[in-house]
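Coordinates from query-v5.cif are shown below (mmCIF, C-alpha atoms).
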```
data_start
loop_
_atom_site.group_PDB
_atom_site.id
_atom_site.type_symbol
_atom_site.label_atom_id
_atom_site.label_comp_id
_atom_site.auth_asym_id
_atom_site.auth_seq_id
_atom_site.Cartn_x
_atom_site.Cartn_y
_atom_site.Cartn_z
ATOM 1 C CA MET A 178 26.077 -25.053 -124.338
ATOM 2 C CA VAL A 179 22.807 -23.245 -125.024
ATOM 3 C CA PRO A 180 20.320 -25.284 -127.115
ATOM 4 C CA ILE A 181 19.926 -24.087 -130.678
ATOM 5 C CA ASP A 182 16.522 -22.738 -131.692
ATOM 6 C CA ASP A 183 15.453 -25.114 -134.510
ATOM 7 C CA SER A 184 12.689 -22.745 -135.637
ATOM 8 C CA LYS A 185 15.237 -20.382 -137.193
ATOM 9 C CA THR A 186 16.362 -20.831 -140.800
ATOM 10 C CA GLY A 187 18.814 -19.264 -143.251
ATOM 11 C CA LEU A 188 20.959 -16.435 -141.933
ATOM 12 C CA ALA A 189 19.186 -16.467 -138.571
ATOM 13 C CA ALA A 190 20.036 -20.165 -138.065
ATOM 14 C CA ILE A 191 23.637 -19.623 -139.120
ATOM 15 C CA ALA A 192 24.050 -16.706 -136.714
ATOM 16 C CA GLU A 193 22.399 -18.729 -133.927
ATOM 17 C CA ALA A 194 24.719 -21.717 -134.483
ATOM 18 C CA ALA A 195 27.814 -19.527 -134.670
ATOM 19 C CA LYS A 196 26.941 -17.935 -131.322
ATOM 20 C CA GLN A 197 27.440 -21.352 -129.738
ATOM 21 C CA ALA A 198 31.204 -20.820 -129.985
ATOM 22 C CA PRO A 199 32.209 -18.854 -126.890
ATOM 23 C CA GLY A 200 34.979 -16.289 -127.266
ATOM 24 C CA ARG A 201 37.112 -17.014 -130.312
ATOM 25 C CA GLY A 202 36.398 -20.734 -130.179
ATOM 26 C CA LEU A 203 34.781 -22.599 -133.015
ATOM 27 C CA PRO A 204 31.548 -24.557 -133.036
ATOM 28 C CA PRO A 205 31.905 -28.279 -133.819
ATOM 29 C CA VAL A 206 30.893 -28.039 -137.509
ATOM 30 C CA HIS A 207 32.684 -31.325 -138.235
ATOM 31 C CA LEU A 208 30.059 -33.084 -136.079
ATOM 32 C CA TRP A 209 27.061 -31.536 -137.837
ATOM 33 C CA HIS A 210 25.616 -33.480 -140.784
ATOM 34 C CA PRO A 211 22.271 -31.933 -141.721
ATOM 35 C CA ALA A 212 20.644 -32.386 -145.121
ATOM 36 C CA HIS A 213 21.697 -29.928 -147.813
ATOM 37 C CA CYS A 214 19.096 -27.149 -147.922
ATOM 38 C CA GLY A 215 20.231 -25.367 -151.092
ATOM 39 C CA ALA A 216 22.293 -22.241 -151.606
ATOM 40 C CA ILE A 217 22.424 -18.862 -149.932
ATOM 41 C CA ASP A 218 23.524 -15.773 -151.844
ATOM 42 C CA ILE A 219 26.809 -15.281 -150.021
ATOM 43 C CA VAL A 220 30.012 -14.837 -152.015
ATOM 44 C CA ILE A 221 33.510 -14.573 -150.597
ATOM 45 C CA ARG A 222 35.265 -12.558 -153.275
ATOM 46 C CA ARG A 223 38.844 -13.095 -154.382
ATOM 47 C CA ASP A 224 39.841 -9.997 -152.362
ATOM 48 C CA GLY A 225 38.342 -11.481 -149.171
ATOM 49 C CA VAL A 226 35.198 -9.328 -149.054
ATOM 50 C CA TRP A 227 32.100 -11.250 -147.963
ATOM 51 C CA MET A 228 29.033 -10.291 -150.005
ATOM 52 C CA HIS A 229 25.361 -11.021 -149.320
ATOM 53 C CA GLU A 230 22.843 -10.485 -152.118
ATOM 54 C CA GLY A 231 25.347 -8.314 -153.998
ATOM 55 C CA SER A 232 26.280 -6.021 -151.099
ATOM 56 C CA PRO A 233 29.342 -6.222 -148.855
ATOM 57 C CA ILE A 234 28.733 -7.477 -145.335
ATOM 58 C CA GLY A 235 30.051 -4.436 -143.516
ATOM 59 C CA ARG A 236 30.042 -5.710 -139.943
ATOM 60 C CA THR A 237 33.301 -7.538 -139.220
ATOM 61 C CA GLU A 238 31.639 -9.265 -136.257
ATOM 62 C CA LEU A 239 29.045 -10.802 -138.580
ATOM 63 C CA VAL A 240 31.704 -11.972 -141.049
ATOM 64 C CA ARG A 241 33.627 -13.537 -138.149
ATOM 65 C CA LEU A 242 30.453 -15.193 -136.946
ATOM 66 C CA PHE A 243 29.735 -16.708 -140.371
ATOM 67 C CA SER A 244 33.370 -17.787 -140.790
ATOM 68 C CA THR A 245 33.061 -19.992 -137.708
ATOM 69 C CA VAL A 246 30.377 -22.147 -139.365
ATOM 70 C CA LEU A 247 32.150 -22.365 -142.728
ATOM 71 C CA ARG A 248 33.213 -25.782 -143.913
ATOM 72 C CA LYS A 249 34.475 -27.252 -147.171
ATOM 73 C CA ASP A 250 32.723 -30.460 -148.157
ATOM 74 C CA ALA A 251 33.167 -32.631 -151.242
ATOM 75 C CA ASP A 252 30.430 -30.593 -152.947
ATOM 76 C CA GLY A 253 31.997 -27.201 -152.123
ATOM 77 C CA TYR A 254 31.926 -24.540 -149.442
ATOM 78 C CA VAL A 255 28.973 -24.512 -147.063
ATOM 79 C CA LEU A 256 27.706 -22.699 -144.008
ATOM 80 C CA VAL A 257 26.493 -25.394 -141.655
ATOM 81 C CA THR A 258 24.363 -25.544 -138.526
ATOM 82 C CA PRO A 259 23.003 -28.585 -136.716
ATOM 83 C CA GLY A 260 19.833 -28.259 -138.825
ATOM 84 C CA GLU A 261 20.925 -26.720 -142.152
ATOM 85 C CA LYS A 262 23.657 -26.885 -144.759
ATOM 86 C CA LEU A 263 23.729 -24.027 -147.271
ATOM 87 C CA SER A 264 26.137 -23.693 -150.216
ATOM 88 C CA ILE A 265 28.019 -20.444 -150.733
ATOM 89 C CA THR A 266 30.409 -19.241 -153.442
ATOM 90 C CA VAL A 267 34.112 -18.746 -152.775
ATOM 91 C CA GLU A 268 35.999 -17.150 -155.682
ATOM 92 C CA ASP A 269 39.510 -18.121 -154.505
ATOM 93 C CA LEU A 270 40.157 -19.178 -150.905
ATOM 94 C CA PRO A 271 37.856 -18.270 -148.024
ATOM 95 C CA PHE A 272 40.421 -16.384 -145.927
ATOM 96 C CA ARG A 273 43.337 -13.958 -146.338
ATOM 97 C CA ALA A 274 46.490 -14.251 -144.205
ATOM 98 C CA VAL A 275 47.030 -10.573 -143.407
ATOM 99 C CA SER A 276 49.987 -10.821 -141.009
ATOM 100 C CA VAL A 277 52.746 -13.167 -139.908
ATOM 101 C CA THR A 278 54.828 -13.116 -136.747
ATOM 102 C CA ARG A 279 57.540 -15.371 -135.433
ATOM 103 C CA ARG A 280 56.919 -16.948 -132.028
ATOM 104 C CA GLY A 281 59.907 -19.042 -131.074
ATOM 105 C CA ASP A 282 60.506 -21.336 -134.037
ATOM 106 C CA ALA A 283 56.918 -20.957 -135.314
ATOM 107 C CA LEU A 284 55.498 -18.675 -137.999
ATOM 108 C CA VAL A 285 52.028 -17.588 -136.873
ATOM 109 C CA PHE A 286 49.625 -16.239 -139.480
ATOM 110 C CA THR A 287 46.580 -14.133 -138.621
ATOM 111 C CA THR A 288 43.667 -14.120 -141.033
ATOM 112 C CA ASP A 289 41.271 -11.397 -142.027
ATOM 113 C CA VAL A 290 38.625 -12.985 -139.755
ATOM 114 C CA GLY A 291 40.912 -13.203 -136.716
ATOM 115 C CA ASP A 292 41.940 -16.867 -136.880
ATOM 116 C CA GLU A 293 45.536 -17.833 -136.163
ATOM 117 C CA ALA A 294 47.378 -20.636 -137.926
ATOM 118 C CA GLU A 295 50.783 -21.755 -136.701
ATOM 119 C CA ALA A 296 52.616 -23.066 -139.779
ATOM 120 C CA GLY A 297 53.842 -26.630 -139.498
ATOM 121 C CA VAL A 298 52.911 -30.131 -140.598
ATOM 122 C CA GLN A 299 49.193 -29.595 -139.799
ATOM 123 C CA HIS A 300 49.175 -26.074 -141.249
ATOM 124 C CA PRO A 301 51.463 -26.176 -144.283
ATOM 125 C CA ILE A 302 52.511 -23.210 -146.386
ATOM 126 C CA VAL A 303 52.003 -24.004 -150.064
ATOM 127 C CA VAL A 304 53.256 -21.823 -152.915
ATOM 128 C CA GLU A 305 51.954 -22.642 -156.370
ATOM 129 C CA THR A 306 53.618 -20.865 -159.280
ATOM 130 C CA ASP A 307 51.797 -19.871 -162.464
ATOM 131 C CA PRO A 308 53.753 -21.616 -165.237
ATOM 132 C CA ALA A 309 53.109 -18.808 -167.746
ATOM 133 C CA THR A 310 53.855 -15.768 -165.576
ATOM 134 C CA GLY A 311 56.001 -17.214 -162.780
ATOM 135 C CA GLU A 312 53.684 -15.419 -160.324
ATOM 136 C CA PRO A 313 53.582 -17.105 -156.895
ATOM 137 C CA SER A 314 50.245 -17.961 -155.311
ATOM 138 C CA PRO A 315 50.961 -18.657 -151.609
ATOM 139 C CA SER A 316 48.518 -20.092 -149.083
ATOM 140 C CA VAL A 317 48.438 -21.579 -145.588
ATOM 141 C CA ARG A 318 45.966 -24.103 -144.146
ATOM 142 C CA VAL A 319 43.914 -22.517 -141.377
ATOM 143 C CA ARG A 320 41.702 -25.409 -140.230
ATOM 144 C CA ALA A 321 40.321 -28.621 -141.727
ATOM 145 C CA ASP A 322 40.268 -27.968 -145.496
ATOM 146 C CA LEU A 323 39.987 -24.193 -145.174
ATOM 147 C CA TRP A 324 42.924 -22.200 -146.493
ATOM 148 C CA ALA A 325 44.034 -18.574 -146.456
ATOM 149 C CA ARG A 326 45.598 -16.802 -149.405
ATOM 150 C CA ILE A 327 48.775 -15.163 -148.084
ATOM 151 C CA ALA A 328 48.582 -11.441 -148.848
ATOM 152 C CA ARG A 329 51.374 -10.048 -151.013
ATOM 153 C CA PRO A 330 52.971 -7.920 -148.240
ATOM 154 C CA VAL A 331 52.964 -10.960 -145.934
ATOM 155 C CA PHE A 332 54.570 -13.078 -148.652
ATOM 156 C CA TYR A 333 57.289 -10.425 -149.028
ATOM 157 C CA GLU A 334 57.912 -10.718 -145.270
ATOM 158 C CA LEU A 335 58.329 -14.479 -145.690
ATOM 159 C CA VAL A 336 60.810 -13.910 -148.515
ATOM 160 C CA GLU A 337 62.811 -11.608 -146.230
ATOM 161 C CA MET A 338 62.841 -14.328 -143.531
ATOM 162 C CA ALA A 339 63.830 -17.071 -145.962
ATOM 163 C CA ASP A 340 67.133 -18.884 -146.286
ATOM 164 C CA VAL A 341 68.366 -20.591 -149.438
ATOM 165 C CA GLU A 342 68.142 -24.375 -149.145
ATOM 166 C CA ASP A 343 68.764 -26.637 -152.143
ATOM 167 C CA GLY A 344 68.527 -23.636 -154.475
ATOM 168 C CA ARG A 345 65.141 -22.478 -153.142
ATOM 169 C CA LEU A 346 64.013 -19.739 -150.807
ATOM 170 C CA THR A 347 62.755 -21.666 -147.783
ATOM 171 C CA VAL A 348 61.189 -20.772 -144.446
ATOM 172 C CA ARG A 349 60.989 -23.067 -141.424
ATOM 173 C CA SER A 350 58.258 -23.298 -138.834
ATOM 174 C CA ASN A 351 57.767 -25.890 -136.108
ATOM 175 C CA GLY A 352 60.513 -28.050 -137.583
ATOM 176 C CA ALA A 353 58.992 -28.148 -141.093
ATOM 177 C CA ALA A 354 60.547 -26.536 -144.178
ATOM 178 C CA PHE A 355 58.440 -24.723 -146.765
ATOM 179 C CA ALA A 356 59.760 -23.703 -150.198
ATOM 180 C CA LEU A 357 58.542 -20.293 -151.328
ATOM 181 C CA GLY A 358 58.898 -21.120 -155.008
ATOM 182 C CA PRO A 359 60.726 -23.249 -157.546
ATOM 183 C CA VAL A 360 64.482 -23.753 -157.646
ATOM 184 C CA GLY A 361 66.215 -20.471 -158.481
ATOM 185 C CA ALA A 362 63.187 -18.200 -157.942
ATOM 186 C CA GLY A 363 64.286 -15.139 -155.964
ATOM 187 C CA VAL A 364 67.775 -16.581 -155.397
ATOM 188 C CA GLU A 365 70.584 -14.305 -156.530
#
```

Exercise: express the given structure as C-alpha coordinates:
Amino acid sequence: MVPIDDSKTGLAAIAEAAKQAPGRGLPPVHLWHPAHCGAIDIVIRRDGVWMHEGSPIGRTELVRLFSTVLRKDADGYVLVTPGEKLSITVEDLPFRAVSVTRRGDALVFTTDVGDEAEAGVQHPIVVETDPATGEPSPSVRVRADLWARIARPVFYELVEMADVEDGRLTVRSNGAAFALGPVGAGVE
(Lines of atoms letter the chains of each structure in order from A and count residues from 1; the text may use other names and numbers.)
(Lines give C-alpha, C1' and ligand atoms only; values in the text may rest on other atoms or scores of the structure.)
Protein backbone atom coordinates (compact mmCIF):
# COMPACT_ATOMS: atom_id res chain seq x y z
CA MET A 1 0.00 0.00 0.00
CA VAL A 2 1.26 3.47 -0.90
CA PRO A 3 1.48 5.86 2.10
CA ILE A 4 -1.19 8.54 2.17
CA ASP A 5 -0.04 12.14 1.82
CA ASP A 6 -1.21 13.74 5.11
CA SER A 7 -0.68 17.26 3.74
CA LYS A 8 -3.80 16.96 1.57
CA THR A 9 -7.21 17.96 2.92
CA GLY A 10 -10.85 17.98 1.79
CA LEU A 11 -11.56 16.54 -1.64
CA ALA A 12 -7.87 16.01 -2.35
CA ALA A 13 -7.49 13.86 0.79
CA ILE A 14 -10.62 11.88 -0.02
CA ALA A 15 -9.43 11.19 -3.57
CA GLU A 16 -5.98 10.23 -2.26
CA ALA A 17 -7.43 7.78 0.29
CA ALA A 18 -9.81 6.25 -2.24
CA LYS A 19 -6.91 5.58 -4.61
CA GLN A 20 -5.52 3.19 -2.01
CA ALA A 21 -8.13 0.63 -3.09
CA PRO A 22 -6.65 -1.21 -6.07
CA GLY A 23 -9.02 -2.26 -8.84
CA ARG A 24 -12.59 -2.43 -7.59
CA GLY A 25 -11.53 -3.19 -4.03
CA LEU A 26 -12.44 -0.99 -1.12
CA PRO A 27 -10.17 0.83 1.29
CA PRO A 28 -10.48 -0.23 4.94
CA VAL A 29 -12.72 2.67 6.05
CA HIS A 30 -13.94 0.63 9.03
CA LEU A 31 -10.40 0.85 10.46
CA TRP A 32 -10.10 4.62 10.09
CA HIS A 33 -11.20 6.72 13.08
CA PRO A 34 -10.05 10.30 12.52
CA ALA A 35 -11.59 13.28 14.30
CA HIS A 36 -14.66 14.79 12.66
CA CYS A 37 -13.52 17.75 10.56
CA GLY A 38 -16.91 19.24 9.68
CA ALA A 39 -19.03 18.99 6.56
CA ILE A 40 -18.29 19.08 2.86
CA ASP A 41 -20.88 20.32 0.38
CA ILE A 42 -21.59 16.97 -1.23
CA VAL A 43 -25.19 15.78 -1.59
CA ILE A 44 -26.31 12.41 -2.89
CA ARG A 45 -29.75 13.23 -4.25
CA ARG A 46 -32.75 10.94 -4.03
CA ASP A 47 -32.25 10.08 -7.73
CA GLY A 48 -28.65 8.96 -7.08
CA VAL A 49 -26.91 12.00 -8.57
CA TRP A 50 -23.87 13.12 -6.57
CA MET A 51 -23.66 16.91 -6.28
CA HIS A 52 -20.75 19.09 -5.17
CA GLU A 53 -21.41 22.74 -4.35
CA GLY A 54 -24.72 22.60 -6.23
CA SER A 55 -23.39 21.03 -9.44
CA PRO A 56 -23.54 17.38 -10.50
CA ILE A 57 -20.28 15.47 -10.32
CA GLY A 58 -20.12 14.46 -13.96
CA ARG A 59 -17.19 12.06 -13.88
CA THR A 60 -18.40 8.57 -12.98
CA GLU A 61 -14.85 7.61 -12.00
CA LEU A 62 -14.80 10.37 -9.38
CA VAL A 63 -18.20 9.33 -7.98
CA ARG A 64 -16.94 5.74 -7.77
CA LEU A 65 -13.81 6.94 -6.04
CA PHE A 66 -15.79 8.89 -3.43
CA SER A 67 -18.22 6.00 -2.93
CA THR A 68 -15.35 3.79 -1.78
CA VAL A 69 -14.65 6.05 1.22
CA LEU A 70 -18.31 6.49 2.16
CA ARG A 71 -19.41 5.21 5.53
CA LYS A 72 -22.50 5.58 7.70
CA ASP A 73 -21.72 6.40 11.31
CA ALA A 74 -24.07 7.06 14.22
CA ASP A 75 -23.96 10.77 13.34
CA GLY A 76 -24.78 10.24 9.64
CA TYR A 77 -23.04 9.68 6.33
CA VAL A 78 -19.37 10.62 6.08
CA LEU A 79 -16.49 10.48 3.66
CA VAL A 80 -13.54 9.21 5.65
CA THR A 81 -9.79 9.04 5.19
CA PRO A 82 -7.12 8.07 7.71
CA GLY A 83 -6.82 11.76 8.62
CA GLU A 84 -10.27 13.29 8.03
CA LYS A 85 -13.96 12.60 8.52
CA LEU A 86 -16.34 14.89 6.62
CA SER A 87 -20.15 14.81 6.80
CA ILE A 88 -22.17 14.73 3.60
CA THR A 89 -25.92 14.82 2.90
CA VAL A 90 -27.78 11.79 1.58
CA GLU A 91 -31.41 12.49 0.66
CA ASP A 92 -32.56 8.84 0.58
CA LEU A 93 -30.04 6.00 0.33
CA PRO A 94 -26.52 6.45 -1.01
CA PHE A 95 -26.77 3.95 -3.88
CA ARG A 96 -29.24 2.75 -6.53
CA ALA A 97 -29.52 -0.93 -7.48
CA VAL A 98 -29.75 -0.57 -11.26
CA SER A 99 -29.71 -4.24 -12.30
CA VAL A 100 -30.26 -7.73 -10.94
CA THR A 101 -29.13 -11.06 -12.34
CA ARG A 102 -29.49 -14.61 -11.13
CA ARG A 103 -26.26 -16.55 -10.61
CA GLY A 104 -27.09 -20.05 -9.48
CA ASP A 105 -29.43 -19.62 -6.52
CA ALA A 106 -28.23 -16.05 -5.84
CA LEU A 107 -29.73 -12.71 -6.88
CA VAL A 108 -26.85 -10.34 -7.64
CA PHE A 109 -27.55 -6.61 -7.66
CA THR A 110 -25.29 -4.07 -9.35
CA THR A 111 -25.33 -0.50 -8.10
CA ASP A 112 -24.99 2.78 -9.90
CA VAL A 113 -21.37 3.00 -8.67
CA GLY A 114 -20.42 -0.50 -9.81
CA ASP A 115 -20.68 -2.41 -6.53
CA GLU A 116 -22.23 -5.87 -6.48
CA ALA A 117 -24.34 -7.21 -3.64
CA GLU A 118 -25.36 -10.86 -3.58
CA ALA A 119 -28.69 -10.98 -1.72
CA GLY A 120 -28.74 -13.25 1.30
CA VAL A 121 -28.52 -13.08 5.08
CA GLN A 122 -25.66 -10.52 4.99
CA HIS A 123 -27.26 -8.53 2.16
CA PRO A 124 -31.01 -8.62 2.79
CA ILE A 125 -33.69 -7.27 0.50
CA VAL A 126 -36.10 -5.10 2.48
CA VAL A 127 -39.38 -3.74 1.11
CA GLU A 128 -41.11 -1.10 3.18
CA THR A 129 -44.64 -0.16 2.14
CA ASP A 130 -46.09 3.33 2.53
CA PRO A 131 -49.20 2.80 4.68
CA ALA A 132 -51.12 5.62 2.95
CA THR A 133 -50.34 4.85 -0.69
CA GLY A 134 -49.33 1.18 -0.59
CA GLU A 135 -46.24 2.17 -2.63
CA PRO A 136 -43.30 -0.22 -2.11
CA SER A 137 -39.89 1.16 -1.21
CA PRO A 138 -37.38 -1.68 -1.85
CA SER A 139 -33.72 -1.69 -0.87
CA VAL A 140 -30.77 -4.07 -0.55
CA ARG A 141 -27.77 -3.82 1.79
CA VAL A 142 -24.58 -3.27 -0.20
CA ARG A 143 -21.91 -3.18 2.54
CA ALA A 144 -21.76 -2.36 6.25
CA ASP A 145 -24.72 0.00 6.82
CA LEU A 146 -24.82 1.28 3.25
CA TRP A 147 -27.95 0.43 1.28
CA ALA A 148 -29.12 0.76 -2.31
CA ARG A 149 -32.61 1.80 -3.32
CA ILE A 150 -33.80 -0.82 -5.82
CA ALA A 151 -34.79 0.99 -9.02
CA ARG A 152 -38.39 0.52 -10.14
CA PRO A 153 -37.54 -1.53 -13.28
CA VAL A 154 -35.34 -3.82 -11.16
CA PHE A 155 -38.14 -4.23 -8.62
CA TYR A 156 -40.49 -5.21 -11.45
CA GLU A 157 -37.94 -7.88 -12.47
CA LEU A 158 -38.00 -9.21 -8.90
CA VAL A 159 -41.80 -9.34 -8.98
CA GLU A 160 -41.61 -11.37 -12.20
CA MET A 161 -39.17 -13.80 -10.51
CA ALA A 162 -41.27 -14.10 -7.36
CA ASP A 163 -43.33 -17.04 -6.15
CA VAL A 164 -46.28 -16.79 -3.79
CA GLU A 165 -45.39 -18.03 -0.31
CA ASP A 166 -47.77 -17.59 2.62
CA GLY A 167 -49.83 -15.12 0.59
CA ARG A 168 -46.86 -12.89 -0.31
CA LEU A 169 -44.74 -12.43 -3.39
CA THR A 170 -41.36 -13.79 -2.32
CA VAL A 171 -37.94 -14.16 -3.92
CA ARG A 172 -35.17 -16.45 -2.68
CA SER A 173 -31.45 -15.88 -2.79
CA ASN A 174 -28.68 -17.88 -1.14
CA GLY A 175 -31.22 -19.87 0.85
CA ALA A 176 -32.96 -16.79 2.31
CA ALA A 177 -36.53 -15.72 1.49
CA PHE A 178 -37.47 -12.08 0.98
CA ALA A 179 -41.07 -10.84 0.87
CA LEU A 180 -41.66 -8.15 -1.75
CA GLY A 181 -44.60 -6.65 0.11
CA PRO A 182 -47.39 -7.33 2.57
CA VAL A 183 -49.74 -10.31 2.41
CA GLY A 184 -51.92 -10.08 -0.70
CA ALA A 185 -49.94 -7.32 -2.46
CA GLY A 186 -49.53 -8.25 -6.12
CA VAL A 187 -51.06 -11.70 -5.57
CA GLU A 188 -54.00 -12.46 -7.84

*Name the residues that the PyMOL selection byres ((chain A and resi 339) around 12) picks from the file above, as a VMD selection string, using the file's chain letters and numbers.*
chain A and resid 284 332 to 338 340 to 342 344 to 350 354 to 358 363 to 364

*Expand the PyMOL selection byres ((chain A and resi 282) around 12) into the individual residues it matches in the shown file, reporting them as number ranges by chain.*
A: 278-281, 283-285, 295-297, 348-354

_Distance query segment 203-214 of chain A at most 6 Å, all atoms listed in the file, self and fewer than 4 positions along chain excluded, as an MDAnalysis selection string_ = chainID A and resid 198 245 259:263

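For the pair atom CA of Ser314 of chain A and atom CA of Val360 of chain A, the separation is 15.5 Å.
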
_Considering all atoms listed in the file, can you say which of A:Ala362, A:Val317, A:Leu323, A:Val290 comes closest to Asp250 of chain A?_
A:Leu323

*Mind telling me what the PyMOL selection byres ((chain A and resi 272) around 8) catches here, as a PyMOL selection string?*
chain A and resi 225+270-271+273-274+288-290+323-326

Generate a file of the selected residues that holds C-alpha atoms, formatted as an mmCIF file, in the coordinates of the input.
```cif
data_model
loop_
_atom_site.group_PDB
_atom_site.id
_atom_site.type_symbol
_atom_site.label_atom_id
_atom_site.label_comp_id
_atom_site.auth_asym_id
_atom_site.auth_seq_id
_atom_site.Cartn_x
_atom_site.Cartn_y
_atom_site.Cartn_z
ATOM 1 C CA GLY A 225 38.342 -11.481 -149.171
ATOM 2 C CA LEU A 270 40.157 -19.178 -150.905
ATOM 3 C CA PRO A 271 37.856 -18.270 -148.024
ATOM 4 C CA ARG A 273 43.337 -13.958 -146.338
ATOM 5 C CA ALA A 274 46.490 -14.251 -144.205
ATOM 6 C CA THR A 288 43.667 -14.120 -141.033
ATOM 7 C CA ASP A 289 41.271 -11.397 -142.027
ATOM 8 C CA VAL A 290 38.625 -12.985 -139.755
ATOM 9 C CA LEU A 323 39.987 -24.193 -145.174
ATOM 10 C CA TRP A 324 42.924 -22.200 -146.493
ATOM 11 C CA ALA A 325 44.034 -18.574 -146.456
ATOM 12 C CA ARG A 326 45.598 -16.802 -149.405
#
```

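Separating atom CA of Val257 of chain A from atom CA of Leu242 of chain A is a distance of 11.9 Å.
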